[in-house]
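**Q** My file is target-v9.cif. It has mmCIF, C-alpha atoms and all ligand atoms:
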```
data_coords
#
loop_
_atom_site.group_PDB
_atom_site.id
_atom_site.type_symbol
_atom_site.label_atom_id
_atom_site.label_comp_id
_atom_site.auth_asym_id
_atom_site.auth_seq_id
_atom_site.Cartn_x
_atom_site.Cartn_y
_atom_site.Cartn_z
ATOM 1 C CA MET H 183 -4.191 27.466 0.128
ATOM 2 C CA GLN H 184 -4.190 30.862 1.733
ATOM 3 C CA CYS H 185 -5.642 32.724 -1.265
ATOM 4 C CA LEU H 186 -8.889 30.735 -1.007
ATOM 5 C CA THR H 187 -9.872 32.830 2.012
ATOM 6 C CA TYR H 188 -10.581 35.697 -0.408
ATOM 7 C CA ALA H 189 -13.109 33.651 -2.366
ATOM 8 C CA GLY H 190 -16.098 34.850 -0.326
ATOM 9 C CA SER H 191 -15.261 38.548 -0.629
ATOM 10 C CA THR H 192 -17.603 40.830 -2.578
ATOM 11 C CA HIS H 193 -14.757 43.099 -3.634
ATOM 12 C CA ALA H 194 -14.224 42.656 -7.396
ATOM 13 C CA GLY H 195 -10.448 42.827 -7.098
ATOM 14 C CA TRP H 196 -10.301 40.109 -4.461
ATOM 15 C CA ARG H 197 -12.631 37.927 -6.533
ATOM 16 C CA ALA H 198 -10.343 38.219 -9.557
ATOM 17 C CA LEU H 199 -7.367 37.316 -7.367
ATOM 18 C CA ALA H 200 -9.257 34.340 -5.929
ATOM 19 C CA ARG H 201 -10.048 33.071 -9.453
ATOM 20 C CA LEU H 202 -6.396 33.340 -10.399
ATOM 21 C CA CYS H 203 -5.366 31.453 -7.255
ATOM 22 C CA LEU H 204 -7.880 28.689 -7.961
ATOM 23 C CA ALA H 205 -6.564 28.333 -11.507
ATOM 24 C CA LEU H 206 -2.974 28.145 -10.255
ATOM 25 C CA ALA H 207 -3.917 25.595 -7.579
ATOM 26 C CA ALA H 208 -5.642 23.391 -10.162
ATOM 27 C CA THR H 209 -2.588 23.497 -12.432
ATOM 28 C CA ALA H 210 -0.271 22.636 -9.554
ATOM 29 C CA ALA H 211 -2.454 19.679 -8.511
ATOM 30 C CA LEU H 212 -2.468 18.281 -12.049
ATOM 31 C CA THR H 213 1.297 18.577 -12.344
ATOM 32 C CA VAL H 214 1.890 16.824 -9.028
ATOM 33 C CA SER H 215 -0.499 13.923 -9.706
ATOM 34 C CA SER H 216 0.915 13.233 -13.180
ATOM 35 C CA ALA H 217 4.469 13.310 -11.801
ATOM 36 C CA VAL H 218 3.566 10.829 -9.039
ATOM 37 C CA PHE H 219 1.832 8.551 -11.527
ATOM 38 C CA THR H 220 4.817 8.572 -13.884
ATOM 39 C CA ILE H 221 7.291 7.717 -11.127
ATOM 40 C CA SER H 222 5.244 4.832 -9.720
ATOM 41 C CA ALA H 223 4.502 3.465 -13.207
ATOM 42 C CA ILE H 224 8.181 3.323 -14.093
ATOM 43 C CA ALA H 225 9.629 2.305 -10.764
ATOM 44 C CA HIS H 226 7.296 0.075 -8.887
ATOM 45 C CA ASP H 227 4.044 -0.937 -10.525
ATOM 46 C CA TYR H 228 3.176 -4.480 -11.626
ATOM 47 C CA ALA H 229 0.194 -5.852 -13.490
ATOM 48 C CA ALA H 230 -1.473 -9.022 -14.735
ATOM 49 C CA GLY H 231 -4.762 -8.662 -16.552
ATOM 50 C CA ALA H 232 -6.894 -6.079 -14.762
ATOM 51 C CA VAL H 233 -4.974 -6.285 -11.487
ATOM 52 C CA HIS H 234 -2.216 -3.792 -10.677
ATOM 53 C CA ILE H 235 0.114 -3.927 -7.701
ATOM 54 C CA ASP H 236 1.556 -0.625 -6.525
ATOM 55 C CA HIS H 237 4.700 -0.200 -4.478
ATOM 56 C CA PRO H 238 5.280 -3.403 -2.494
ATOM 57 C CA TRP H 239 7.454 -2.610 0.531
ATOM 58 C CA ALA H 240 8.501 -3.916 3.938
ATOM 59 C CA ARG H 241 10.274 -2.470 6.945
ATOM 60 C CA PRO H 242 13.774 -3.610 7.928
ATOM 61 C CA THR H 243 13.927 -6.386 10.541
ATOM 62 C CA LEU H 244 16.389 -6.717 13.415
ATOM 63 C CA THR H 245 16.896 -10.444 12.913
ATOM 64 C CA ALA H 246 16.046 -13.154 10.387
ATOM 65 C CA ARG H 247 13.638 -14.614 12.962
ATOM 66 C CA THR H 248 11.549 -11.442 13.064
ATOM 67 C CA PRO H 249 8.494 -11.856 10.829
ATOM 68 C CA ALA H 250 8.201 -9.122 8.217
ATOM 69 C CA ALA H 251 4.974 -7.617 6.902
ATOM 70 C CA VAL H 252 4.807 -6.640 3.228
ATOM 71 C CA TYR H 253 2.400 -3.889 2.190
ATOM 72 C CA PHE H 254 1.159 -2.684 -1.215
ATOM 73 C CA ASP H 255 -1.914 -1.412 -3.031
ATOM 74 C CA ILE H 256 -4.071 -3.707 -5.151
ATOM 75 C CA ARG H 257 -5.886 -1.893 -7.960
ATOM 76 C CA ASN H 258 -8.520 -3.911 -9.785
ATOM 77 C CA ARG H 259 -9.329 -2.075 -13.020
ATOM 78 C CA GLY H 260 -11.620 -4.828 -14.305
ATOM 79 C CA ASP H 261 -15.377 -5.290 -13.942
ATOM 80 C CA ALA H 262 -15.104 -8.552 -12.005
ATOM 81 C CA ASP H 263 -13.970 -9.049 -8.417
ATOM 82 C CA ASP H 264 -10.704 -10.907 -7.964
ATOM 83 C CA ARG H 265 -8.986 -12.349 -4.915
ATOM 84 C CA LEU H 266 -5.393 -12.577 -3.717
ATOM 85 C CA VAL H 267 -5.162 -16.193 -2.591
ATOM 86 C CA ALA H 268 -1.453 -16.866 -2.029
ATOM 87 C CA ALA H 269 2.022 -15.371 -1.998
ATOM 88 C CA SER H 270 5.511 -16.824 -2.128
ATOM 89 C CA ALA H 271 9.032 -15.460 -1.726
ATOM 90 C CA ALA H 272 12.331 -17.341 -1.921
ATOM 91 C CA ARG H 273 13.674 -15.296 1.000
ATOM 92 C CA ALA H 274 11.136 -16.686 3.485
ATOM 93 C CA ALA H 275 10.448 -20.266 4.608
ATOM 94 C CA HIS H 276 6.736 -19.489 5.027
ATOM 95 C CA VAL H 277 4.604 -16.802 3.437
ATOM 96 C CA GLU H 278 1.082 -16.140 4.738
ATOM 97 C CA LEU H 279 -1.705 -13.681 4.020
ATOM 98 C CA HIS H 280 -2.712 -11.949 7.236
ATOM 99 C CA ALA H 281 -5.430 -9.582 8.360
ATOM 100 C CA SER H 282 -5.109 -7.256 11.343
ATOM 101 C CA LEU H 283 -8.124 -6.572 13.478
ATOM 102 C CA LYS H 284 -8.608 -4.062 16.233
ATOM 103 C CA ASP H 285 -10.065 -5.567 19.392
ATOM 104 C CA ALA H 286 -13.178 -3.515 20.167
ATOM 105 C CA GLY H 287 -12.602 -3.921 23.910
ATOM 106 C CA THR H 288 -8.909 -3.345 24.444
ATOM 107 C CA GLY H 289 -8.091 -1.431 21.254
ATOM 108 C CA ALA H 290 -5.130 -3.749 20.656
ATOM 109 C CA VAL H 291 -4.411 -4.787 17.079
ATOM 110 C CA ARG H 292 -4.054 -8.510 16.499
ATOM 111 C CA MET H 293 -3.555 -10.436 13.333
ATOM 112 C CA ARG H 294 -4.915 -13.679 11.988
ATOM 113 C CA PRO H 295 -4.304 -15.691 8.820
ATOM 114 C CA ALA H 296 -6.595 -14.433 6.044
ATOM 115 C CA LYS H 297 -7.737 -17.927 5.012
ATOM 116 C CA GLU H 298 -10.403 -16.462 2.720
ATOM 117 C CA GLY H 299 -7.715 -14.481 0.879
ATOM 118 C CA VAL H 300 -7.879 -10.766 0.167
ATOM 119 C CA LEU H 301 -10.843 -9.604 -1.900
ATOM 120 C CA ALA H 302 -9.968 -7.088 -4.647
ATOM 121 C CA ARG H 303 -13.292 -5.573 -5.685
ATOM 122 C CA ALA H 304 -13.900 -4.604 -9.311
ATOM 123 C CA GLY H 305 -12.959 -1.008 -10.024
ATOM 124 C CA ARG H 306 -11.528 -0.458 -6.542
ATOM 125 C CA THR H 307 -8.152 0.000 -4.891
ATOM 126 C CA LEU H 308 -7.362 -1.848 -1.682
ATOM 127 C CA SER H 309 -4.481 -0.524 0.389
ATOM 128 C CA MET H 310 -2.653 -3.194 2.314
ATOM 129 C CA GLU H 311 -1.076 -1.152 5.074
ATOM 130 C CA THR H 312 -0.145 -1.131 8.752
ATOM 131 C CA GLY H 313 -3.141 -2.267 10.793
ATOM 132 C CA GLY H 314 -4.808 -4.015 7.853
ATOM 133 C CA TYR H 315 -4.063 -6.792 5.405
ATOM 134 C CA HIS H 316 -0.438 -7.741 4.746
ATOM 135 C CA VAL H 317 1.719 -10.553 3.446
ATOM 136 C CA MET H 318 3.714 -12.041 6.315
ATOM 137 C CA LEU H 319 7.192 -13.403 5.676
ATOM 138 C CA ILE H 320 8.201 -15.948 8.326
ATOM 139 C CA GLY H 321 11.661 -17.490 8.571
ATOM 140 C CA LEU H 322 13.734 -15.054 6.527
ATOM 141 C CA ASP H 323 17.074 -16.198 5.120
ATOM 142 C CA ALA H 324 18.639 -13.001 6.560
ATOM 143 C CA PRO H 325 17.411 -9.798 8.219
ATOM 144 C CA LEU H 326 15.761 -7.311 5.858
ATOM 145 C CA LYS H 327 17.969 -4.265 5.457
ATOM 146 C CA ALA H 328 16.889 -0.825 4.239
ATOM 147 C CA GLY H 329 17.681 -0.604 0.540
ATOM 148 C CA ASP H 330 17.226 -4.359 -0.069
ATOM 149 C CA ALA H 331 14.941 -5.464 -2.889
ATOM 150 C CA PHE H 332 13.719 -9.029 -3.318
ATOM 151 C CA PRO H 333 11.236 -10.897 -5.529
ATOM 152 C CA MET H 334 7.815 -12.087 -4.393
ATOM 153 C CA THR H 335 4.997 -13.719 -6.343
ATOM 154 C CA LEU H 336 1.361 -12.866 -5.666
ATOM 155 C CA THR H 337 -1.275 -15.324 -6.885
ATOM 156 C CA PHE H 338 -4.753 -14.094 -7.782
ATOM 157 C CA GLU H 339 -7.762 -16.302 -8.443
ATOM 158 C CA LYS H 340 -8.426 -14.775 -11.887
ATOM 159 C CA ALA H 341 -5.382 -12.668 -12.816
ATOM 160 C CA GLY H 342 -2.985 -15.505 -11.911
ATOM 161 C CA ASP H 343 0.603 -14.880 -10.792
ATOM 162 C CA ILE H 344 2.099 -11.403 -10.509
ATOM 163 C CA ASP H 345 5.853 -11.191 -9.917
ATOM 164 C CA VAL H 346 6.791 -8.097 -7.926
ATOM 165 C CA THR H 347 9.898 -6.667 -6.301
ATOM 166 C CA VAL H 348 9.569 -5.778 -2.628
ATOM 167 C CA LYS H 349 11.599 -2.787 -1.481
ATOM 168 C CA VAL H 350 12.818 -2.571 2.096
ATOM 169 C CA GLU H 351 12.204 0.953 3.384
ATOM 170 C CA ASP H 352 12.862 2.436 6.793
ATOM 171 C CA ARG H 353 9.508 4.189 7.248
ATOM 172 C CA GLU H 354 8.007 5.544 10.430
ATOM 173 C CA PRO H 355 5.339 3.331 11.961
ATOM 174 C CA GLN H 356 1.885 4.713 11.228
ATOM 175 C CA GLY H 357 -1.429 4.177 12.955
ATOM 176 C CA ALA H 358 -1.906 1.437 15.514
ATOM 177 C CA GLY H 359 0.811 -1.005 16.499
ATOM 178 C CA HIS H 360 1.173 -4.359 14.799
ATOM 179 C CA ARG H 361 1.666 -7.400 16.994
ATOM 180 C CA HIS H 362 3.432 -10.433 15.668
ATOM 181 C CA GLY H 363 2.252 -13.511 17.471
ATOM 182 C CA HIS H 364 4.539 -15.961 15.717
HETATM 183 CU CU CU J 1 1.016 -10.734 10.174
#
```
Can the structure in the file be given as structure tokens, please?

**A**
Amino acid sequence: MQCLTYAGSTHAGWRALARLCLALAATAALTVSSAVFTISAIAHDYAAGAVHIDHPWARPTLTARTPAAVYFDIRNRGDADDRLVAASAARAAHVELHASLKDAGTGAVRMRPAKEGVLARAGRTLSMETGGYHVMLIGLDAPLKAGDAFPMTLTFEKAGDIDVTVKVEDREPQGAGHRHGH
């Protein structure tokens, strides 16, 4: 915020202005965060026990044979660790948990099955995003199209099954590339 540059000034008038700007900035931040929370809570937030799933989404695919990665946030509000151990979706013949790893030598990002599952630490949020953990849908019944929504079930060791709706969104790729070796 531009007005913050006045904060160090010794001039009393500038200091008063800086205080006003800080107050306005704080109000604006509060308004924005509560609006975002409200939207996600209504539209796209799922929970079982202490585990919350925020905004599951996938990118469109060109063909049904293209594997699709599903991303979301796992929030564990409990005081015990939990673990995502499986996922299933009627739209895919196979559903796997995958982890992406950057090769220290070449810098290329490769993925492997996450056989140990995905640890959701107590009191923490884990973002499953491009270049990290994801749910991989293999053998789709049809290409994923932007605007599609389809059901998927996530199974946690302690929280059990969480039914979510995955939204297909045409987002820009972010971060490192994601190679599908299927
Ligand atoms: Cu994958």

**Q** Residues within 12 Å of ligand CU 1 (chain J) should be enumerated using all atoms listed in the file and returned as JSON, numbers by chain.

**A** {"H": [240, 248, 249, 250, 251, 252, 253, 276, 277, 278, 279, 280, 281, 282, 283, 291, 292, 293, 294, 295, 296, 310, 311, 312, 313, 314, 315, 316, 317, 318, 319, 320, 359, 360, 361, 362, 363, 364]}

**Q** Next, write the just-selected residues to a file, as a PDB file, in the frame of the given file, keeping C-alpha atoms as the atom set.

**A**
```
ATOM      1  CA  ALA H 240       8.501  -3.916   3.938  1.00  0.00           C
ATOM      2  CA  THR H 248      11.549 -11.442  13.064  1.00  0.00           C
ATOM      3  CA  PRO H 249       8.494 -11.856  10.829  1.00  0.00           C
ATOM      4  CA  ALA H 250       8.201  -9.122   8.217  1.00  0.00           C
ATOM      5  CA  ALA H 251       4.974  -7.617   6.902  1.00  0.00           C
ATOM      6  CA  VAL H 252       4.807  -6.640   3.228  1.00  0.00           C
ATOM      7  CA  TYR H 253       2.400  -3.889   2.190  1.00  0.00           C
ATOM      8  CA  HIS H 276       6.736 -19.489   5.027  1.00  0.00           C
ATOM      9  CA  VAL H 277       4.604 -16.802   3.437  1.00  0.00           C
ATOM     10  CA  GLU H 278       1.082 -16.140   4.738  1.00  0.00           C
ATOM     11  CA  LEU H 279      -1.705 -13.681   4.020  1.00  0.00           C
ATOM     12  CA  HIS H 280      -2.712 -11.949   7.236  1.00  0.00           C
ATOM     13  CA  ALA H 281      -5.430  -9.582   8.360  1.00  0.00           C
ATOM     14  CA  SER H 282      -5.109  -7.256  11.343  1.00  0.00           C
ATOM     15  CA  LEU H 283      -8.124  -6.572  13.478  1.00  0.00           C
ATOM     16  CA  VAL H 291      -4.411  -4.787  17.079  1.00  0.00           C
ATOM     17  CA  ARG H 292      -4.054  -8.510  16.499  1.00  0.00           C
ATOM     18  CA  MET H 293      -3.555 -10.436  13.333  1.00  0.00           C
ATOM     19  CA  ARG H 294      -4.915 -13.679  11.988  1.00  0.00           C
ATOM     20  CA  PRO H 295      -4.304 -15.691   8.820  1.00  0.00           C
ATOM     21  CA  ALA H 296      -6.595 -14.433   6.044  1.00  0.00           C
ATOM     22  CA  MET H 310      -2.653  -3.194   2.314  1.00  0.00           C
ATOM     23  CA  GLU H 311      -1.076  -1.152   5.074  1.00  0.00           C
ATOM     24  CA  THR H 312      -0.145  -1.131   8.752  1.00  0.00           C
ATOM     25  CA  GLY H 313      -3.141  -2.267  10.793  1.00  0.00           C
ATOM     26  CA  GLY H 314      -4.808  -4.015   7.853  1.00  0.00           C
ATOM     27  CA  TYR H 315      -4.063  -6.792   5.405  1.00  0.00           C
ATOM     28  CA  HIS H 316      -0.438  -7.741   4.746  1.00  0.00           C
ATOM     29  CA  VAL H 317       1.719 -10.553   3.446  1.00  0.00           C
ATOM     30  CA  MET H 318       3.714 -12.041   6.315  1.00  0.00           C
ATOM     31  CA  LEU H 319       7.192 -13.403   5.676  1.00  0.00           C
ATOM     32  CA  ILE H 320       8.201 -15.948   8.326  1.00  0.00           C
ATOM     33  CA  GLY H 359       0.811  -1.005  16.499  1.00  0.00           C
ATOM     34  CA  HIS H 360       1.173  -4.359  14.799  1.00  0.00           C
ATOM     35  CA  ARG H 361       1.666  -7.400  16.994  1.00  0.00           C
ATOM     36  CA  HIS H 362       3.432 -10.433  15.668  1.00  0.00           C
ATOM     37  CA  GLY H 363       2.252 -13.511  17.471  1.00  0.00           C
ATOM     38  CA  HIS H 364       4.539 -15.961  15.717  1.00  0.00           C
TER      39      HIS H 364
END
```

**Q** So how far away is atom CA of Val233 of chain H from atom CA of Asp261 of chain H, in Å?

**A** 10.7 Å

**Q** I need the output of the PyMOL selection byres (((chain H and resi 229) around 10) and not hetatm) for this file as a PDB file with C-alpha atoms, in the coordinates of the input; which residues are they?

**A**
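The result, written out as out.pdb:
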```pdb
ATOM      1  CA  ASP H 227       4.044  -0.937 -10.525  1.00  0.00           C
ATOM      2  CA  TYR H 228       3.176  -4.480 -11.626  1.00  0.00           C
ATOM      3  CA  ALA H 230      -1.473  -9.022 -14.735  1.00  0.00           C
ATOM      4  CA  GLY H 231      -4.762  -8.662 -16.552  1.00  0.00           C
ATOM      5  CA  ALA H 232      -6.894  -6.079 -14.762  1.00  0.00           C
ATOM      6  CA  VAL H 233      -4.974  -6.285 -11.487  1.00  0.00           C
ATOM      7  CA  HIS H 234      -2.216  -3.792 -10.677  1.00  0.00           C
ATOM      8  CA  ILE H 235       0.114  -3.927  -7.701  1.00  0.00           C
ATOM      9  CA  ASP H 236       1.556  -0.625  -6.525  1.00  0.00           C
ATOM     10  CA  ILE H 256      -4.071  -3.707  -5.151  1.00  0.00           C
ATOM     11  CA  ARG H 257      -5.886  -1.893  -7.960  1.00  0.00           C
ATOM     12  CA  ASN H 258      -8.520  -3.911  -9.785  1.00  0.00           C
ATOM     13  CA  ALA H 341      -5.382 -12.668 -12.816  1.00  0.00           C
ATOM     14  CA  ASP H 343       0.603 -14.880 -10.792  1.00  0.00           C
ATOM     15  CA  ILE H 344       2.099 -11.403 -10.509  1.00  0.00           C
ATOM     16  CA  ASP H 345       5.853 -11.191  -9.917  1.00  0.00           C
ATOM     17  CA  VAL H 346       6.791  -8.097  -7.926  1.00  0.00           C
TER      18      VAL H 346
END
```

**Q** For the atom pair atom CA of Phe332 of chain H and atom CA of Lys349 of chain H, what is the interatomic distance in Å to one decimal place?

**A**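 According to the coordinates, atom CA of Phe332 of chain H and atom CA of Lys349 of chain H are separated by 6.8 Å.
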
**Q** In Å, how far is it from atom CA of Arg273 of chain H to atom CA of His226 of chain H?

**A**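 Atom-to-atom, atom CA of Arg273 of chain H and atom CA of His226 of chain H are spaced 19.4 Å apart.
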
**Q** Could you pull out every residue with an atom within 8 Å of (-10.2, 2.8, -6.8), file coordinates, counting only C-alpha atoms, and send them as a ChimeraX atom specification?

**A** /H:257-259,305-308

**Q** Could you write out as lines of an AutoDock Vina configuration file the box around segment 312-320 of chain H (axis-aligned, all atoms listed in the file, 4 Å on each side), with centre and edge lengths in Å to one decimal?

**A**
```
center_x = 1.7
center_y = -8.5
center_z = 7.1
size_x = 21.0
size_y = 22.8
size_z = 15.3
```
